[in-house]
Structures are given as structure tokens and as C-alpha cells.
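To be precise, the following lines are target28.cif, and they hold mmCIF, C-alpha atoms.
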data_upload
#
loop_
_atom_site.label_atom_id
_atom_site.label_comp_id
_atom_site.auth_asym_id
_atom_site.auth_seq_id
_atom_site.Cartn_x
_atom_site.Cartn_y
_atom_site.Cartn_z
CA LYS A 1414 92.97 147.88 -107.23
CA ASP A 1415 95.07 148.18 -104.11
CA ILE A 1416 96.88 145.08 -102.99
CA GLY A 1417 95.13 143.65 -99.94
CA TYR A 1418 96.82 143.05 -96.61
CA GLN A 1419 97.06 139.51 -95.32
CA GLY A 1420 100.36 139.30 -93.50
CA ASP A 1421 103.73 140.74 -92.63
CA CYS A 1422 105.18 141.96 -95.92
CA LEU A 1423 105.41 145.68 -95.22
CA PRO A 1424 106.60 148.35 -97.64
CA ILE A 1425 108.04 151.71 -96.66
CA ARG A 1426 107.67 154.69 -98.99
CA SER A 1427 110.79 156.40 -100.24
CA ILE A 1428 112.64 157.97 -97.33
CA SER A 1429 114.54 160.33 -99.60
CA GLU A 1430 111.49 161.81 -101.31
CA GLY A 1431 109.81 164.06 -98.81
CA TRP A 1432 109.92 161.93 -95.66
CA ASN A 1433 111.20 164.68 -93.41
CA SER A 1434 108.16 164.46 -91.17
CA ASN A 1435 107.94 163.50 -87.52
CA LEU A 1436 107.34 160.20 -85.76
CA GLY A 1437 103.56 160.52 -85.89
CA ALA A 1438 103.58 160.89 -89.66
CA PHE A 1439 105.80 157.83 -90.05
CA GLN A 1440 103.53 155.76 -87.81
CA GLU A 1441 100.52 156.89 -89.82
CA PHE A 1442 102.23 155.78 -93.02
CA ILE A 1443 103.08 152.41 -91.51
CA SER A 1444 99.40 151.97 -90.69
CA GLN A 1445 98.39 152.90 -94.24
CA SER A 1446 101.01 150.56 -95.67
CA GLU A 1447 99.56 147.63 -93.78
CA VAL A 1448 96.34 148.17 -95.72
CA MET A 1449 98.10 148.54 -99.05
CA ILE A 1450 100.14 145.38 -99.26
CA GLY A 1451 100.65 142.15 -97.39
CA ARG A 1452 101.51 138.63 -98.26
CA LEU A 1453 101.42 138.64 -102.01
CA TRP A 1454 99.96 135.23 -102.60
CA LYS A 1455 96.62 135.05 -100.79
CA GLY A 1456 93.60 136.95 -99.57
CA LYS A 1457 91.13 139.20 -101.37
CA GLY A 1458 94.00 141.24 -102.78
CA LYS A 1459 95.64 138.21 -104.37
CA VAL A 1460 98.51 139.02 -106.70
CA ASP A 1461 99.63 136.23 -109.03
CA ASP A 1462 101.87 138.38 -111.22
CA PRO A 1463 105.08 139.66 -109.58
CA GLU A 1464 105.49 142.15 -112.43
CA LYS A 1465 102.16 143.76 -111.53
CA ALA A 1466 103.05 143.79 -107.84
CA VAL A 1467 106.36 145.55 -108.51
CA ALA A 1468 104.70 147.99 -110.91
CA ARG A 1469 102.18 148.86 -108.20
CA LEU A 1470 104.95 149.45 -105.67
CA ARG A 1471 106.68 151.78 -108.09
CA GLU A 1472 103.42 153.59 -108.72
CA LEU A 1473 103.05 154.12 -104.97
CA GLY A 1474 106.57 155.51 -104.71
CA ILE A 1475 107.81 152.70 -102.50
CA ASN A 1476 111.53 151.88 -102.55
CA PHE A 1477 111.88 149.45 -99.65
CA VAL A 1478 109.97 146.27 -98.82
CA GLY A 1479 110.52 144.39 -95.57
CA ILE A 1480 109.52 140.73 -95.87
CA ASP A 1481 108.87 138.41 -92.95
CA PHE A 1482 110.57 135.02 -93.24
CA ASP A 1483 108.65 132.30 -91.40
CA GLN A 1484 105.35 131.46 -93.08
CA THR A 1485 105.78 134.41 -95.40
CA MET A 1486 108.84 134.00 -97.62
CA ILE A 1487 108.81 130.33 -96.68
CA ASN A 1488 105.72 128.15 -96.32
CA ILE A 1489 106.54 126.78 -92.86
CA HIS A 1490 107.37 128.23 -89.45
CA THR A 1491 110.77 127.27 -88.11
CA GLY A 1492 110.17 128.74 -84.67
CA GLY A 1493 113.71 130.09 -84.91
CA ASN A 1494 114.96 126.56 -84.32
CA TRP A 1495 115.53 124.97 -87.73
CA LYS A 1496 117.42 121.69 -87.33
CA GLY A 1497 117.77 120.78 -90.99
CA THR A 1498 120.15 122.12 -93.61
CA SER A 1499 119.82 125.41 -95.45
CA ASP A 1500 119.34 123.41 -98.66
CA GLU A 1501 116.33 121.68 -97.12
CA LEU A 1502 114.91 124.98 -95.91
CA SER A 1503 115.43 126.53 -99.34
CA ASP A 1504 112.89 124.06 -100.71
CA HIS A 1505 110.24 125.84 -98.63
CA VAL A 1506 110.68 129.26 -100.23
CA ARG A 1507 107.40 130.26 -101.85
CA PRO A 1508 107.96 130.32 -105.64
CA LEU A 1509 106.27 133.71 -106.09
CA PHE A 1510 108.91 135.48 -104.03
CA ILE A 1511 111.77 134.51 -106.33
CA PRO A 1512 110.70 136.56 -109.38
CA PHE A 1513 109.18 139.23 -107.14
CA VAL A 1514 112.42 139.92 -105.26
CA VAL A 1515 114.55 139.82 -108.41
CA ARG A 1516 112.22 142.13 -110.32
CA ALA A 1517 111.84 144.52 -107.39
CA MET A 1518 115.60 144.88 -107.08
CA GLU A 1519 115.90 145.44 -110.82
CA GLU A 1520 113.49 148.35 -110.33
CA GLN A 1521 115.63 149.80 -107.52
CA ILE A 1522 113.25 148.64 -104.79
CA ASN A 1523 115.35 147.52 -101.83
CA ILE A 1524 114.51 144.27 -100.06
CA GLY A 1525 115.00 143.39 -96.42
CA ILE A 1526 114.20 140.26 -94.44
CA VAL A 1527 112.72 141.17 -91.06
CA THR A 1528 112.23 138.29 -88.67
CA PHE A 1529 112.04 137.39 -85.00
CA SER A 1530 114.23 134.36 -85.73
CA SER A 1531 117.82 134.45 -84.49
CA GLN A 1532 118.98 132.05 -87.22
CA THR A 1533 120.07 134.80 -89.57
CA SER A 1534 123.09 132.86 -90.83
CA CYS A 1535 120.81 130.07 -91.99
CA ILE A 1536 118.48 132.61 -93.59
CA ARG A 1537 121.44 134.15 -95.42
CA GLN A 1538 122.39 130.72 -96.76
CA VAL A 1539 118.81 130.21 -97.96
CA LEU A 1540 118.94 133.54 -99.80
CA ASP A 1541 122.30 132.58 -101.31
CA ASN A 1542 120.84 129.26 -102.48
CA VAL A 1543 117.69 130.75 -103.97
CA PHE A 1544 118.89 134.06 -105.43
CA GLY A 1545 122.64 133.62 -105.80
CA GLN A 1546 125.18 135.65 -103.87
CA ASP A 1547 125.08 138.65 -106.21
CA VAL A 1548 121.43 139.27 -105.36
CA SER A 1549 121.50 137.89 -101.83
CA SER A 1550 124.34 140.17 -100.75
CA LYS A 1551 122.12 143.18 -101.43
CA ILE A 1552 119.33 141.93 -99.17
CA VAL A 1553 119.60 143.19 -95.59
CA ILE A 1554 118.56 140.76 -92.84
CA ARG A 1555 117.34 141.88 -89.44
CA GLY A 1556 116.60 139.19 -86.88
CA ARG A 1557 117.03 138.51 -83.19
CA ASP A 1558 120.74 137.80 -83.50
CA ARG A 1559 121.98 140.76 -81.42
CA SER A 1560 124.06 142.02 -84.34
CA TRP A 1561 122.26 145.39 -84.52
CA GLN A 1562 120.26 147.82 -82.44
CA TYR A 1563 117.75 150.54 -83.19
CA PRO A 1564 118.00 153.38 -82.61
CA PRO A 1565 121.74 152.98 -83.24
CA PRO A 1566 124.26 154.57 -80.87
CA LYS A 1567 124.68 158.30 -81.28
CA ARG A 1568 127.55 159.20 -83.55
CA SER A 1569 130.40 161.17 -82.05
CA SER A 1570 130.97 162.91 -85.37
CA SER A 1571 128.97 165.98 -86.31
CA LYS A 1572 128.87 164.70 -89.88
CA GLU A 1573 125.62 162.81 -89.42
CA PRO A 1574 124.10 161.99 -92.85
CA ALA A 1575 121.18 164.31 -93.50
CA SER A 1576 119.17 161.36 -94.77
CA SER A 1577 119.47 159.40 -91.52
CA LEU A 1578 116.25 157.91 -90.23
CA ARG A 1579 117.12 158.84 -86.68
CA GLY A 1580 115.36 162.19 -86.76
CA MET A 1581 112.21 160.53 -88.02
CA LEU A 1582 112.23 157.38 -85.92
CA GLY A 1583 114.32 157.84 -82.84
CA ASP A 1584 115.57 161.38 -82.23
CA SER A 1585 114.60 162.79 -78.86
CA SER A 1586 113.14 165.86 -80.54
CA SER A 1587 110.49 163.81 -82.33
CA GLY A 1588 109.45 161.43 -79.57
CA PRO A 1589 110.33 157.81 -78.75
CA PRO A 1590 111.61 155.47 -81.46
CA CYS A 1591 109.29 153.14 -83.36
CA VAL A 1592 110.11 149.76 -81.87
CA ASP A 1593 106.74 147.96 -81.87
CA GLY A 1594 106.58 144.71 -83.79
CA LYS A 1595 109.16 144.76 -86.56
CA GLN A 1596 109.32 148.53 -87.01
CA ALA A 1597 112.78 148.65 -85.46
CA HIS A 1598 113.89 145.82 -87.77
CA MET A 1599 112.65 147.71 -90.82
CA ALA A 1600 114.07 151.05 -89.71
CA SER A 1601 117.49 149.51 -89.06
CA ALA A 1602 117.47 147.74 -92.43
CA ALA A 1603 116.43 150.91 -94.23
CA GLU A 1604 119.17 152.91 -92.49
CA GLU A 1605 121.82 150.39 -93.52
CA ILE A 1606 120.64 150.57 -97.12
CA MET A 1607 120.72 154.37 -97.06
CA ASN A 1608 124.15 154.55 -95.44
CA HIS A 1609 125.50 152.08 -97.99
CA ALA A 1610 124.09 154.20 -100.83
CA LEU A 1611 125.77 157.31 -99.39
CA MET A 1612 129.12 155.52 -99.40
CA GLU A 1613 128.89 154.48 -103.05
#

Starting from the file, give its structure as C-alpha cells.
Amino acid sequence: KDIGYQGDCLPIRSISEGWNSNLGAFQEFISQSEVMIGRLWKGKGKVDDPEKAVARLRELGINFVGIDFDQTMINIHTGGNWKGTSDELSDHVRPLFIPFVVRAMEEQINIGIVTFSSQTSCIRQVLDNVFGQDVSSKIVIRGRDRSWQYPPPKRSSSKEPASSLRGMLGDSSSGPPCVDGKQAHMASAAEEIMNHALME
């Protein structure tokens, strides 16, 4: 059965496997994705086994999952104003996400944290605490910390990577960029992952 949607955990299908369509097609997929998978621990589509969740993502051809932080990865809402330590906040990480994230990354499914919080440094420390730096360093974080923008500035070089998301999400030839909700967060995270892969 499909995994039910109950929250903000939003997967994006493989960009490199046929996603050369326009903005409308991407928005339609986002809408379909919201039905496919959500918070993995509650609702009618409850998933108790991270292995099964990851297997289902692979079956659907998904290679990127953007996970909300407050009241999704963690069981409280910080309001973007956490006053405690990162160690204290780490205690609030939902246990299911630990094996899920590790297993997903083992299966070449990229993970991003997409949040409206500006406390991305604290979130990074939480990820370091919970997953270790080897895993944490591969998780892209997009929050309201003004460290990124989407669409990104136009490159002066003509050597724009063919796999860039810009043509799909923000190029003037395909309409306005997807910036509603956390779509810009996810698109920026996915582009960083893709650009990093091209450099390897």
C-alpha cells in the first residue's frame, strides 16, 4: 500500500531519470508526492519499519527526501528559537528517523533538512550528534539563515550543468520558480546535491 501523507516529509523523484519536463509537470509531481508519503510514524499510512519505507521509496524511483525539522524529525517545535544545547535538542529526535536516514543514504537516497527555522547551525550539531559527522556532512540543510537563495544567481559561464534544476524550476522559459512553502528549500538542496555529484 502507498504510504499515507500526514506531514511535511516530501520526496522528490529522481531528477536525472527523465525529469526534463516543465514547471507544471514538476508541480504536479509535488502534489502527487504529498499523497504518497508524509511523516513516517503516524496516520493511516503508518510505517513502523524503516527498511520497508526505504524499499518503497526505491520502488517509486525517488532519490531525494526533504524532511521538515520541527515536530517532524524532532518531537517538539522550537519556533526557531531554541535556548537549550544541541545535546538537549538531540534527545528530541524521533527514533524512527535514525535508521530511516541511515538506510536511505545507504541506498543512495539523498536526505535534506528543509525548515523555516534560522537555527541551522544548531540543527547541524543535532545531526552530528545523532548520525555522526560522516553521515551528517552528506545531509544538506536549508533554513531561513540567508545562506542560500533559489533560484540561484545566473551563472556567467556558458558551462551550465545540463542537469541543473533551473530549467525545470526557475528558468524564464518555463515560468516562475517554485517558491511556495518549502519548494524553494527542496529545490536548492537538490541542486546542491546534484552539483556536488557532478564535481566528484

Ground truth for the PyMOL selection byres ((chain A and resi 1523) around 12), written as a VMD selection string: chain A and resid 1424 to 1428 1467 1470 to 1471 1475 to 1480 1513 to 1522 1524 to 1526 1548 to 1554 1599 1602 to 1607 1609 to 1610

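Atom pair atom CA of A:Ser1531 / atom CA of A:Ser1503 has a distance of 17.0 Å (rounded to one decimal).
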
Length of the atom CA of A:Pro1564 to atom CA of A:Ile1487 vector [Å]: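 About the pair atom CA of A:Pro1564 and atom CA of A:Ile1487: they are 28.5 Å apart.
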
Top pick for closest residue to A:Gly1556, considering A:Arg1469, A:Leu1502, A:Ser1601, A:Asn1608 and counting all atoms listed in the file: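 Result for the nearest residue to A:Gly1556: A:Ser1601.
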
Nearest candidate to A:Cys1535 (options A:Asp1481, A:Glu1464, A:Glu1472, A:Asp1500; using all atoms listed in the file):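 Of all the options, A:Asp1500 lies closest to A:Cys1535.
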
Among the residues A:Ile1511, A:Ala1597, A:Ala1466, A:Val1539, the one that comes closest to A:Trp1561 [using all atoms listed in the file]: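 Looking only at the distances to A:Trp1561, the closest residue turns out to be A:Ala1597.
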
Selected residue, from A:Asp1547, A:Asp1483, A:Asp1558, A:Asp1541, that lies nearest to A:Arg1507 when counting all atoms listed in the file: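 Residue with the minimum atom-to-atom distance to A:Arg1507: A:Asp1483.
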
Two-atom distance - atom CA of A:Ser1530, atom CA of A:Val1543 (Å): 18.9 Å
